[in-house]
Structure formats: structure tokens, C-alpha cells
Amino acid sequence: MQIKFAKFFALMLAAMMVFCVVAGCQPQNPTGGDQQTNAPTTDTPSDPNAGTDTPSDPNAGTDPVAPNYVVDENGAIVHQDYTSVYKKIGSKITIDMVEEDEDGIATVTYEGKTYELGMDFLSMAMVYNCSVPEGSDKYKTEDDVYAEWWKLYIQRWNSLVCEIPLYSNQYFDVYNAKIENFATSPYWGPADAIVAATVKEGETSSFILGSSTELSGSFRNASWGKSSPGSSDLDIQNLTTGYSTVMSGFDGSYAWNMMAVAEEPTHVKNEDGTLTYTIKIRDDMKFSDGTPITAKNYIASLLVNSTNVAVAAGGNGNAGQVVEGFDEFKAYEGEGDQVYFKGVQLLDDYTFAITYQADYANYYYLITFAGFSPAPMQMYLGENEIIVNENNECGLSEGFYKKEAKDGVDAFVMVDVINNNLKWDSDLPYSGPYVVSNYDASSRTATLTLNPVYPGDDARGKPSIETLTYVKVISETQNDQLLKGEIDIISGITGGDETKAALKIVDEGEGKFAETHYDRAGYGKLGFRCDLGPTAFAEVRQAICYTINRPEFAQTFTGGFGSVVHGPYYTGFSAYKAVEDEIILNQYAYSSDSANAVLDEGGWIYNEKGEPYVAGTDPVRYKKLEGYERSPQNIAFKSTDGAYKTVEIDGEFYMPLAINYFGTQPNNVTDMLITAWQSNPNATTEIGAYIVYTSTDFNTGLYGELSQMTDYGWDGVAKLNAINFATGFNSAAYDFSFNMTIDPAQYDNYSAYYLMDEADFFENY
């Protein structure tokens, strides 16, 4: 099951939890015409444009309290203080203090100062500040408060256009009718459905699943080292991970998995405002090799990925950042007195307790705080141990922090151990319904066989299909493969022609094939790197939205099996239903005139000589960079073909409206975007924009260029502005907390859109 709640918790509890996180989060069911990831997540560097909506933005040059800029030798300007508004005053603000203007932008006045509430503030308040204001007539329950914060978050997102939803579609899964009880939903993907499914009596118990999203081999912990793990890798992790203390069902709701916990976990609010969850697990659980599962297996990943050793190994090192004692525990590197993680306690072999910091004790989705899955001890600890002090607080043995000289520099020995153990073929057992018996990296094919000791779980039941093969398919040929028996399940079919062709197979198959479908909680999209080049500016992202005819695009692509939304929401979500009559959303009706207007207002009024831009004469608009817009990346910006670049004129920097678009291939959405946007005069010459297209495969585009990961081919030069892929909100827990962070230490791992909202910088006020 792929739960998409906060990407933060996906990273925090990856490999401990059966589910992944979203909302910025991890998509499910890749489509035949597009591919999903959590966007990274779905899912973001500095956005100086937020200042076009923020009165106090120093970029506007009119703020009397704007900070004094520090200009480096290259003329670049960067923030000196990354303290967020939420960190300063978030806990002091209640929803009834917030005001909303006619455009849906939220502000709050506190101690005589008015703050515009940015993406980080709203995403954090949405899940950590849902207490009902005392004496409120409007807000009666935490659900009411959550829905209001959610509305304000969506409205700001819509104003900043963090990405462009292109279509929300229906998903169809077509499968061999020998499989019974196979059903999917927005919250229940093929990896869950196949575990819950059965086989017709007398039929062979071996099936092949086809997915358009490539496997990478990162099955042990698909989130390790990535801000956006691939949905196929997450499927394999989901199929091979079990005994989660919390699971979600077909409808996305959470419940205790009594096949893992000995009794329902309890939580108490402590006198200091912190919250402690106590979890007692069953004493009869085993890994696939028969070794027993104990409480230590549930906390190993949390402990390790809260250290700088994990950071050196490619982890984020922040898994326990909302747990008591995190800062002290992470800072320890083996020197001096042993440091124990205050908020992580081992009470006995089968009982552990986690204490969360007071700032997070009011978490709206509280049950997910108790969501853990076990991992083999050796995976993260090698031959080292979890140690416990007299207060039952946990630490890691001395050998875990050992360093040796490597290439002339002292390095943690455990870095290589962890990375080797996280490989699919490391000699470690699995905890879930299946084990990976083979993976062919050249063909991106994984073979899974039943884990004989896995008893099943409360959500999916006990698996019965003996062998699963997970393969990469191409949408153009997948129907033929299904008819020939080369694959048994095609998941995530979408798009008009593809859907009609798949349904034809079912209709004409004489009972050999069946289908299941649901309305998608998510969308195919044009995503942005919102800290680089023109797409770092809200008005440019708005202009792009204005110059793509999204209703027509959605109708054409889905063939009537879908629609278009105007923000990161699912119309079936409870919060949307609660506010749908009052939410303020710009639908960005197709109009090059509107695009030109927002570009003019945003300062894209120059040509390459720094003179006034003349439409029809000058091919491309330029913008004079001011304040934090003069980032090192923006000063160095150029189009991938070298045709345009930021120019310096008399000490001022002018950026061209040149957009580096990377399109994943093979992909019908990419082909459509080339016609509807990249080569469309209304989106280029009519508004003074230049869009250069680069073809890319999924992993290189998403992980290499968008997430800037050298392991996936990034050459160290920031280039990508836009790329098409998809995202989903596949959990009842809609949580983007930490995904809009302005903290440089968290930014690369957690950013959903690579966007820092200027309204979130406390130094701007």
C-alpha cells in the first residue's frame, strides 16, 4: 500500500513504515501516458517571486524594514537568516486570528506586525495547529480548523502555481481474469490489490505485473538518498515489507494492524507538552529467514537515520527530528560521553516508546506517529548494537561511529556497510508478503516469491499468489503483451485512446480479461524547479499556466475519462468537500493576453540590452534581477542550447525568459506538451518566451536533472526549469509539512517543488 502523507514522514519512517508519504508525495499507479513520482513529491529552492504577492518582499525595493543585502564578488545576493515565520510565531497563532483578502491570500497580525502566511507556515499549521479556538462560533472541531488551513494552503499554492496540473483522470487496471478479488482505488494500488487477490482454483499461481515506471533496484528503502522515490521501487518495497503497526485500507483510512501489535498502542500528553506513544508488538513475528522480530527492529532505522553517519551514507539524517532529544543525538559522532536519544525508549524486548516534541504533539494525523515497520538490524547497524541506559533511552554502540582514513580523509566505516546492505541482493531477510528472489538491472525486471513465514495482515490478508514478476512495459506495446500472455496485469491505464483500447480487450476477450477502475487522486503535471531561472518567478509560472489550454489538454488526453483541477487536491477529499463552496481558485483561462499582463507586472519588461522590451521586435523578454532574485544560480542561468543567458549590464543582471524543458520519453504527455506548449506561438513568440526541449528518460530527468543527483547523471550544472511527470494524493492523510521548508539543512531532502516562499522568511519582516 502506498500511503501518501507528509513526505517528511515518508523520509522519516521509510523502511519502518509500510506506507509512503505524500501529499507532496509518493504517487501510485504510473500511467501509460505519464509517469509518477513523488515529486519530488512529489515535490524546492528559493522563490523570489513570492514577493510579487508579499508586500514585505525586499525584492520590491519598497519595504522599509528590508534586510541589508550582502553582495558577493560575483554580484549574487543570498539570505543570511533562514529562520522561518512559523518557527518564530507558529505556535502562538490560532486559526481565528487569520485574515484573508479577496484573492485568498492569508495574513495574520501578531504583536503589532502583519505577516503574510507563506507555504511553509500554512503547510505546518495545517497539521500541527488544529486546536479549536476557545469560544469560537465558526470552528467546532479540529476537522473544521484543518479544512480552513487546508483551504488557505491550496489558495496560496494556486496563486504561486507551484506546478501545473494538466489532467486528473480515471485509472483503469486490466488483468488476467484468472486473478480474483483484484480491486484498486486511489489509496490501494496494484501492490496492495495483488496481495489481497486470489487465484481461480486449479490455475497457475504465477503472474506478471507491468508498469510504465522503471525500477531502479532501490527496494530495501526506496526513499534512501532521494527526495522522490520511484513508485515502482515503492511497490516492491511495499510487497516485501510487512508487520507495520499502522496500515491503511482500501478507502485510505488508518487502523492498527493487530497482526503486528500485541495490543492497541497508547499515547499520553506529558506535563511538558510532549506526547509519548507506547507500542507493544507481538512476540511471534519472524523475518523471511526465520529470525525473530523484536522491538529493536522497529526502531533501528529511526535511530540510524537520525545521525550524521546516515547523512554521509546518503540518508537525510533527520528521521527523528520531531522526537525529543533529536538535536543532541544527531550531533553526537562517537566522541566524548555516550549520547542517548531521549525520546526513543526500549522498555523490553517487545515494547518501545517514542516521545514527540511539544510543537508536534497536536499532530492532526496522530495515529501515523505510531506507524513503524521492522528492518533487519544488520541493514543499518552492521555488527553494531542498539544500547540502552538506565532510563531506557536508546543509543548506538561505539563501533557504529568508527572512522578510518579513506582517500586521505577520516570517514565513517558504516557508510559502505549501510549502502551495501541496502542493495536488493544483500544477504538480508525481508519482513513482508514477498521476497525478491531476483532482479535484472538491464531489463528492469524483478521476480518475487512468497515469504513462507508471513502470516498476513489486517488490511490485505494473507497472500496466496506464489510468484510475481514486475516488469517495465511500454504503453504502445503493453496491450499486445497482455493478449500474448507476456504480462497479466497492466496498471494505471489512462488517456482516451489507451483506455478505449484496453476496454476493448476486456469486451472482446470472451471472459479472459477483467478491469477495475477509479477516479484518480492526483494528476499529470508540468512540474518546475522553482529556484532556478525564469520558473523561480511566480509570474512566469502563472504565464505558463495561462498559455496551456488545460481543459482542452485534459479532454484530449483522457478522451473524456477525466478532467482538470486547479491545485494539489482530489475532489473526493473530505477537506475539499468541506470548503468547495468558498475556496478561491484562479482557473487560469487560456489567454496569451493574461500571460503578457502578469509578465509585465512582474518586471519582464526589458530586452537583452536592458532597454524596454518591444513585442514583435524583441524575440525574448528579460527581467532585471533585484534583491534575492540575484542568486548565484540565476546569475549563471542560460538555456541548454546556449542561445540565451543572464547578461550583466552596468552592474545589473538581466535574465531571459528562456525555459529549459525536459520531457520524459517515451510519453504521450510529452508529445502533447511539445505541440500544446513548447512549440505553441501563444506560449512562445506571443509572450516573448523561448522554450528549449530536451528529451530524457524518467530516472535521468526526475532524479538527475530535477533532483540534481549525480548518481542519476547530473553533471553538477543546474539546468532544468520544467519537466512533466505525475503525482498523487493517495492517502487520507494530506500532509505537506516540511515540504515547503526554507531550512537549507532540510531543503534538498524535503522540498516538494524546490520553492522557498519569501513570505516565510522572518528576516523579511
# chains A, B, ... in the order shown; residues from 1 in each chain; ligands from 1

call {"tool": "closest_atom_pairs", "arguments": {"of": "region 86-161 of chain A", "to": "region 541-552 of chain A", "cutoff": "12 Å", "atoms": "only C-alpha atoms", "output": "Markdown table"}}
result
| residue | atom | partner | partner_atom | distance |
| --- | --- | --- | --- | --- |
| A:Trp157 | CA | A:Gln542 | CA | 11.2 |
| A:Asn158 | CA | A:Gln542 | CA | 9.2 |
| A:Ser159 | CA | A:Gln542 | CA | 7.9 |
| A:Leu160 | CA | A:Gln542 | CA | 7.3 |
| A:Val161 | CA | A:Arg541 | CA | 5.9 |

call {"tool": "select_by_dssp", "arguments": {"residues": "region 260-399 of chain A", "states": "strand (DSSP E or B)", "output": "PyMOL selection string"}}
result
chain A and resi 261+266-269+275-281+286+292+323+341-348+351-356+386-388+393-396

call {"tool": "write_last_selection", "arguments": {"atoms": "N, CA, C and O atoms", "output": "tab-separated table (two decimals), in the first residue's frame"}}
result
chain	number	residue	atom	x	y	z
A	261	VAL	N	0.78	-5.68	16.32
A	261	VAL	CA	0.78	-5.18	17.68
A	261	VAL	C	0.07	-6.15	18.61
A	261	VAL	O	-0.93	-6.77	18.24
A	266	THR	N	-0.92	2.98	23.02
A	266	THR	CA	-1.49	4.07	23.82
A	266	THR	C	-0.63	5.32	23.68
A	266	THR	O	0.56	5.24	23.36
A	267	HIS	N	-1.24	6.48	23.90
A	267	HIS	CA	-0.48	7.71	23.90
A	267	HIS	C	-0.94	8.60	25.04
A	267	HIS	O	-2.11	8.58	25.43
A	268	VAL	N	0.02	9.34	25.61
A	268	VAL	CA	-0.29	10.25	26.71
A	268	VAL	C	0.38	11.59	26.44
A	268	VAL	O	1.46	11.67	25.86
A	269	LYS	N	-0.30	12.65	26.87
A	269	LYS	CA	0.26	14.00	26.81
A	269	LYS	C	0.99	14.25	28.12
A	269	LYS	O	0.40	14.14	29.19
A	275	LEU	N	4.39	14.38	23.76
A	275	LEU	CA	3.45	13.27	23.64
A	275	LEU	C	4.22	11.96	23.47
A	275	LEU	O	5.14	11.88	22.65
A	276	THR	N	3.85	10.96	24.24
A	276	THR	CA	4.54	9.67	24.19
A	276	THR	C	3.60	8.57	23.70
A	276	THR	O	2.52	8.38	24.26
A	277	TYR	N	4.03	7.87	22.66
A	277	TYR	CA	3.34	6.68	22.18
A	277	TYR	C	4.07	5.44	22.70
A	277	TYR	O	5.29	5.35	22.58
A	278	THR	N	3.34	4.53	23.28
A	278	THR	CA	3.91	3.26	23.73
A	278	THR	C	3.33	2.14	22.88
A	278	THR	O	2.11	2.01	22.77
A	279	ILE	N	4.22	1.35	22.28
A	279	ILE	CA	3.82	0.33	21.32
A	279	ILE	C	4.37	-1.02	21.75
A	279	ILE	O	5.59	-1.20	21.88
A	280	LYS	N	3.48	-1.97	21.94
A	280	LYS	CA	3.88	-3.34	22.29
A	280	LYS	C	3.57	-4.23	21.09
A	280	LYS	O	2.44	-4.30	20.63
A	281	ILE	N	4.60	-4.88	20.57
A	281	ILE	CA	4.43	-5.73	19.39
A	281	ILE	C	4.26	-7.19	19.80
A	281	ILE	O	4.56	-7.57	20.94
A	286	LYS	N	8.36	-13.15	12.62
A	286	LYS	CA	9.67	-13.56	12.11
A	286	LYS	C	9.95	-12.95	10.75
A	286	LYS	O	9.04	-12.68	9.96
A	292	PRO	N	13.76	-14.00	14.67
A	292	PRO	CA	12.66	-13.30	15.34
A	292	PRO	C	12.72	-11.79	15.13
A	292	PRO	O	13.79	-11.21	14.96
A	323	VAL	N	11.22	14.19	17.30
A	323	VAL	CA	11.28	13.38	18.51
A	323	VAL	C	12.16	14.09	19.55
A	323	VAL	O	13.16	14.73	19.21
A	341	PHE	N	19.28	8.79	22.68
A	341	PHE	CA	18.15	9.51	22.09
A	341	PHE	C	17.03	9.54	23.14
A	341	PHE	O	16.37	8.54	23.41
A	342	LYS	N	16.85	10.70	23.75
A	342	LYS	CA	15.93	10.83	24.88
A	342	LYS	C	14.52	10.35	24.55
A	342	LYS	O	13.85	9.75	25.39
A	343	GLY	N	14.06	10.62	23.35
A	343	GLY	CA	12.68	10.32	23.00
A	343	GLY	C	12.45	8.93	22.45
A	343	GLY	O	11.33	8.60	22.04
A	344	VAL	N	13.49	8.10	22.40
A	344	VAL	CA	13.36	6.73	21.90
A	344	VAL	C	13.73	5.77	23.03
A	344	VAL	O	14.89	5.69	23.43
A	345	GLN	N	12.74	5.06	23.53
A	345	GLN	CA	12.96	4.19	24.68
A	345	GLN	C	12.62	2.74	24.34
A	345	GLN	O	11.61	2.47	23.69
A	346	LEU	N	13.46	1.83	24.80
A	346	LEU	CA	13.23	0.40	24.68
A	346	LEU	C	12.82	-0.11	26.06
A	346	LEU	O	13.63	-0.15	26.98
A	347	LEU	N	11.55	-0.47	26.22
A	347	LEU	CA	11.02	-0.84	27.53
A	347	LEU	C	11.22	-2.31	27.84
A	347	LEU	O	11.42	-2.69	28.99
A	348	ASP	N	11.13	-3.15	26.83
A	348	ASP	CA	11.50	-4.56	26.95
A	348	ASP	C	11.70	-5.09	25.54
A	348	ASP	O	11.68	-4.33	24.59
A	351	THR	N	8.55	-4.07	23.51
A	351	THR	CA	7.84	-2.82	23.77
A	351	THR	C	8.79	-1.64	23.62
A	351	THR	O	9.90	-1.65	24.17
A	352	PHE	N	8.36	-0.63	22.89
A	352	PHE	CA	9.15	0.58	22.75
A	352	PHE	C	8.24	1.80	22.86
A	352	PHE	O	7.01	1.70	22.70
A	353	ALA	N	8.84	2.94	23.16
A	353	ALA	CA	8.08	4.18	23.31
A	353	ALA	C	8.79	5.30	22.57
A	353	ALA	O	10.03	5.38	22.59
A	354	ILE	N	8.01	6.16	21.92
A	354	ILE	CA	8.55	7.31	21.20
A	354	ILE	C	7.89	8.56	21.75
A	354	ILE	O	6.65	8.64	21.81
A	355	THR	N	8.69	9.53	22.16
A	355	THR	CA	8.16	10.79	22.69
A	355	THR	C	8.40	11.91	21.69
A	355	THR	O	9.55	12.18	21.31
A	356	TYR	N	7.32	12.55	21.29
A	356	TYR	CA	7.38	13.62	20.28
A	356	TYR	C	7.42	14.99	20.95
A	356	TYR	O	6.80	15.22	21.99
A	386	ILE	N	22.11	-1.70	19.30
A	386	ILE	CA	21.37	-0.65	20.00
A	386	ILE	C	21.64	-0.84	21.48
A	386	ILE	O	21.50	-1.95	22.01
A	387	ILE	N	22.06	0.22	22.13
A	387	ILE	CA	22.34	0.14	23.56
A	387	ILE	C	21.32	0.98	24.32
A	387	ILE	O	20.72	1.91	23.77
A	388	VAL	N	21.13	0.66	25.60
A	388	VAL	CA	20.07	1.28	26.39
A	388	VAL	C	20.64	1.72	27.74
A	388	VAL	O	21.39	0.97	28.38
A	393	GLU	N	16.52	4.85	27.52
A	393	GLU	CA	16.77	5.63	26.30
A	393	GLU	C	17.79	4.91	25.44
A	393	GLU	O	18.73	4.28	25.95
A	394	CYS	N	17.62	5.01	24.13
A	394	CYS	CA	18.43	4.20	23.20
A	394	CYS	C	19.57	4.99	22.57
A	394	CYS	O	19.43	6.19	22.25
A	395	GLY	N	20.65	4.31	22.36
A	395	GLY	CA	21.78	4.86	21.64
A	395	GLY	C	22.37	3.80	20.74
A	395	GLY	O	21.82	2.69	20.60
A	396	LEU	N	23.50	4.11	20.11
A	396	LEU	CA	24.15	3.17	19.20
A	396	LEU	C	25.56	2.89	19.71
A	396	LEU	O	26.25	3.80	20.20

call {"tool": "atom_distance", "arguments": {"atom1": "CA of Ile293 (chain A)", "atom2": "CA of Pro374 (chain A)"}}
result
7.3 Å

call {"tool": "closest_atom_pairs", "arguments": {"of": "region 157-262 of chain A", "to": "region 304-313 of chain A", "cutoff": "12 Å", "atoms": "only C-alpha atoms", "output": "Markdown table"}}
result
| residue | atom | partner | partner_atom | distance |
| --- | --- | --- | --- | --- |
| A:Asn221 | CA | A:Asn305 | CA | 11.7 |
| A:Ser223 | CA | A:Asn305 | CA | 11.6 |
| A:Trp224 | CA | A:Ala313 | CA | 9.1 |
| A:Gly225 | CA | A:Ala313 | CA | 8.2 |
| A:Lys226 | CA | A:Val311 | CA | 11.9 |

call {"tool": "write_last_selection", "arguments": {"atoms": "N, CA and C atoms", "output": "JSON list (two decimals), in the first residue's frame"}}
result
[["chain", "number", "residue", "atom", "x", "y", "z"],
["A", 221, "ASN", "N", 14.88, 0.28, 0.84],
["A", 221, "ASN", "CA", 14.40, 1.56, 1.35],
["A", 221, "ASN", "C", 14.39, 2.51, 0.17],
["A", 223, "SER", "N", 13.23, 5.32, -0.38],
["A", 223, "SER", "CA", 13.39, 6.76, -0.13],
["A", 223, "SER", "C", 14.83, 7.14, 0.21],
["A", 224, "TRP", "N", 15.68, 6.17, 0.47],
["A", 224, "TRP", "CA", 17.04, 6.47, 0.93],
["A", 224, "TRP", "C", 17.80, 7.24, -0.14],
["A", 225, "GLY", "N", 18.26, 8.43, 0.21],
["A", 225, "GLY", "CA", 19.05, 9.23, -0.72],
["A", 225, "GLY", "C", 18.24, 9.95, -1.77],
["A", 226, "LYS", "N", 16.91, 9.89, -1.67],
["A", 226, "LYS", "CA", 16.08, 10.54, -2.69],
["A", 226, "LYS", "C", 15.02, 11.41, -2.03]]

call {"tool": "closest_residue", "arguments": {"among": "A:Val620, A:Val717, A:Thr710, A:Gly290", "to": "Thr684 (chain A)", "atoms": "only C-alpha atoms"}}
result
A:Val620

call {"tool": "atom_distance", "arguments": {"atom1": "CA of Lys138 (chain A)", "atom2": "CA of His566 (chain A)"}}
result
26.4 Å

call {"tool": "closest_atom_pairs", "arguments": {"of": "region 566-681 of chain A", "to": "region 101-123 of chain A", "cutoff": "12 Å", "atoms": "only C-alpha atoms", "output": "Markdown table"}}
result
| residue | atom | partner | partner_atom | distance |
| --- | --- | --- | --- | --- |
| A:Glu582 | CA | A:Gly104 | CA | 9.8 |
| A:Ile583 | CA | A:Gly104 | CA | 7.8 |
| A:Ile584 | CA | A:Gly104 | CA | 5.8 |
| A:Leu585 | CA | A:Gly104 | CA | 8.0 |
| A:Asn586 | CA | A:Asp103 | CA | 8.7 |

call {"tool": "write_last_selection", "arguments": {"atoms": "all heavy atoms", "output": "PDB file, in the first residue's frame"}}
result
ATOM      1  N   GLU A 582     -16.500  27.850  -0.942  1.00  0.00           N
ATOM      2  CA  GLU A 582     -15.875  29.114  -0.571  1.00  0.00           C
ATOM      3  C   GLU A 582     -14.426  29.247  -1.020  1.00  0.00           C
ATOM      4  O   GLU A 582     -13.844  30.327  -0.921  1.00  0.00           O
ATOM      5  CB  GLU A 582     -15.942  29.290   0.949  1.00  0.00           C
ATOM      6  CG  GLU A 582     -15.306  28.151   1.726  1.00  0.00           C
ATOM      7  CD  GLU A 582     -15.551  28.241   3.219  1.00  0.00           C
ATOM      8  OE1 GLU A 582     -16.611  27.769   3.662  1.00  0.00           O
ATOM      9  OE2 GLU A 582     -14.687  28.796   3.921  1.00  0.00           O
ATOM     10  N   ILE A 583     -13.820  28.189  -1.498  1.00  0.00           N
ATOM     11  CA  ILE A 583     -12.420  28.253  -1.895  1.00  0.00           C
ATOM     12  C   ILE A 583     -12.253  29.146  -3.117  1.00  0.00           C
ATOM     13  O   ILE A 583     -13.086  29.148  -4.033  1.00  0.00           O
ATOM     14  CB  ILE A 583     -11.861  26.835  -2.167  1.00  0.00           C
ATOM     15  CG1 ILE A 583     -10.342  26.859  -2.248  1.00  0.00           C
ATOM     16  CG2 ILE A 583     -12.478  26.210  -3.413  1.00  0.00           C
ATOM     17  CD1 ILE A 583      -9.708  25.470  -2.214  1.00  0.00           C
ATOM     18  N   ILE A 584     -11.182  29.959  -3.109  1.00  0.00           N
ATOM     19  CA  ILE A 584     -10.909  30.918  -4.185  1.00  0.00           C
ATOM     20  C   ILE A 584      -9.772  30.381  -5.046  1.00  0.00           C
ATOM     21  O   ILE A 584      -8.622  30.283  -4.582  1.00  0.00           O
ATOM     22  CB  ILE A 584     -10.529  32.292  -3.607  1.00  0.00           C
ATOM     23  CG1 ILE A 584     -11.652  32.836  -2.727  1.00  0.00           C
ATOM     24  CG2 ILE A 584     -10.199  33.272  -4.729  1.00  0.00           C
ATOM     25  CD1 ILE A 584     -11.255  34.065  -1.925  1.00  0.00           C
ATOM     26  N   LEU A 585     -10.064  30.026  -6.283  1.00  0.00           N
ATOM     27  CA  LEU A 585      -9.062  29.438  -7.173  1.00  0.00           C
ATOM     28  C   LEU A 585      -9.089  30.116  -8.528  1.00  0.00           C
ATOM     29  O   LEU A 585     -10.145  30.222  -9.162  1.00  0.00           O
ATOM     30  CB  LEU A 585      -9.309  27.938  -7.349  1.00  0.00           C
ATOM     31  CG  LEU A 585      -9.192  27.061  -6.104  1.00  0.00           C
ATOM     32  CD1 LEU A 585      -9.600  25.631  -6.418  1.00  0.00           C
ATOM     33  CD2 LEU A 585      -7.766  27.094  -5.560  1.00  0.00           C
ATOM     34  N   ASN A 586      -7.937  30.591  -8.956  1.00  0.00           N
ATOM     35  CA  ASN A 586      -7.791  31.108 -10.317  1.00  0.00           C
ATOM     36  C   ASN A 586      -7.708  29.904 -11.255  1.00  0.00           C
ATOM     37  O   ASN A 586      -6.854  29.044 -11.087  1.00  0.00           O
ATOM     38  CB  ASN A 586      -6.514  31.947 -10.413  1.00  0.00           C
ATOM     39  CG  ASN A 586      -6.343  32.610 -11.777  1.00  0.00           C
ATOM     40  OD1 ASN A 586      -7.024  32.272 -12.738  1.00  0.00           O
ATOM     41  ND2 ASN A 586      -5.419  33.548 -11.844  1.00  0.00           N
TER      42      ASN A 586
END

call {"tool": "residues_around", "arguments": {"residues": "Gln378 (chain A)", "least_positions_apart": "5", "cutoff": "8 Å", "atoms": "only C-alpha atoms", "output": "VMD selection string"}}
result
chain A and resid 383 to 384 421 428
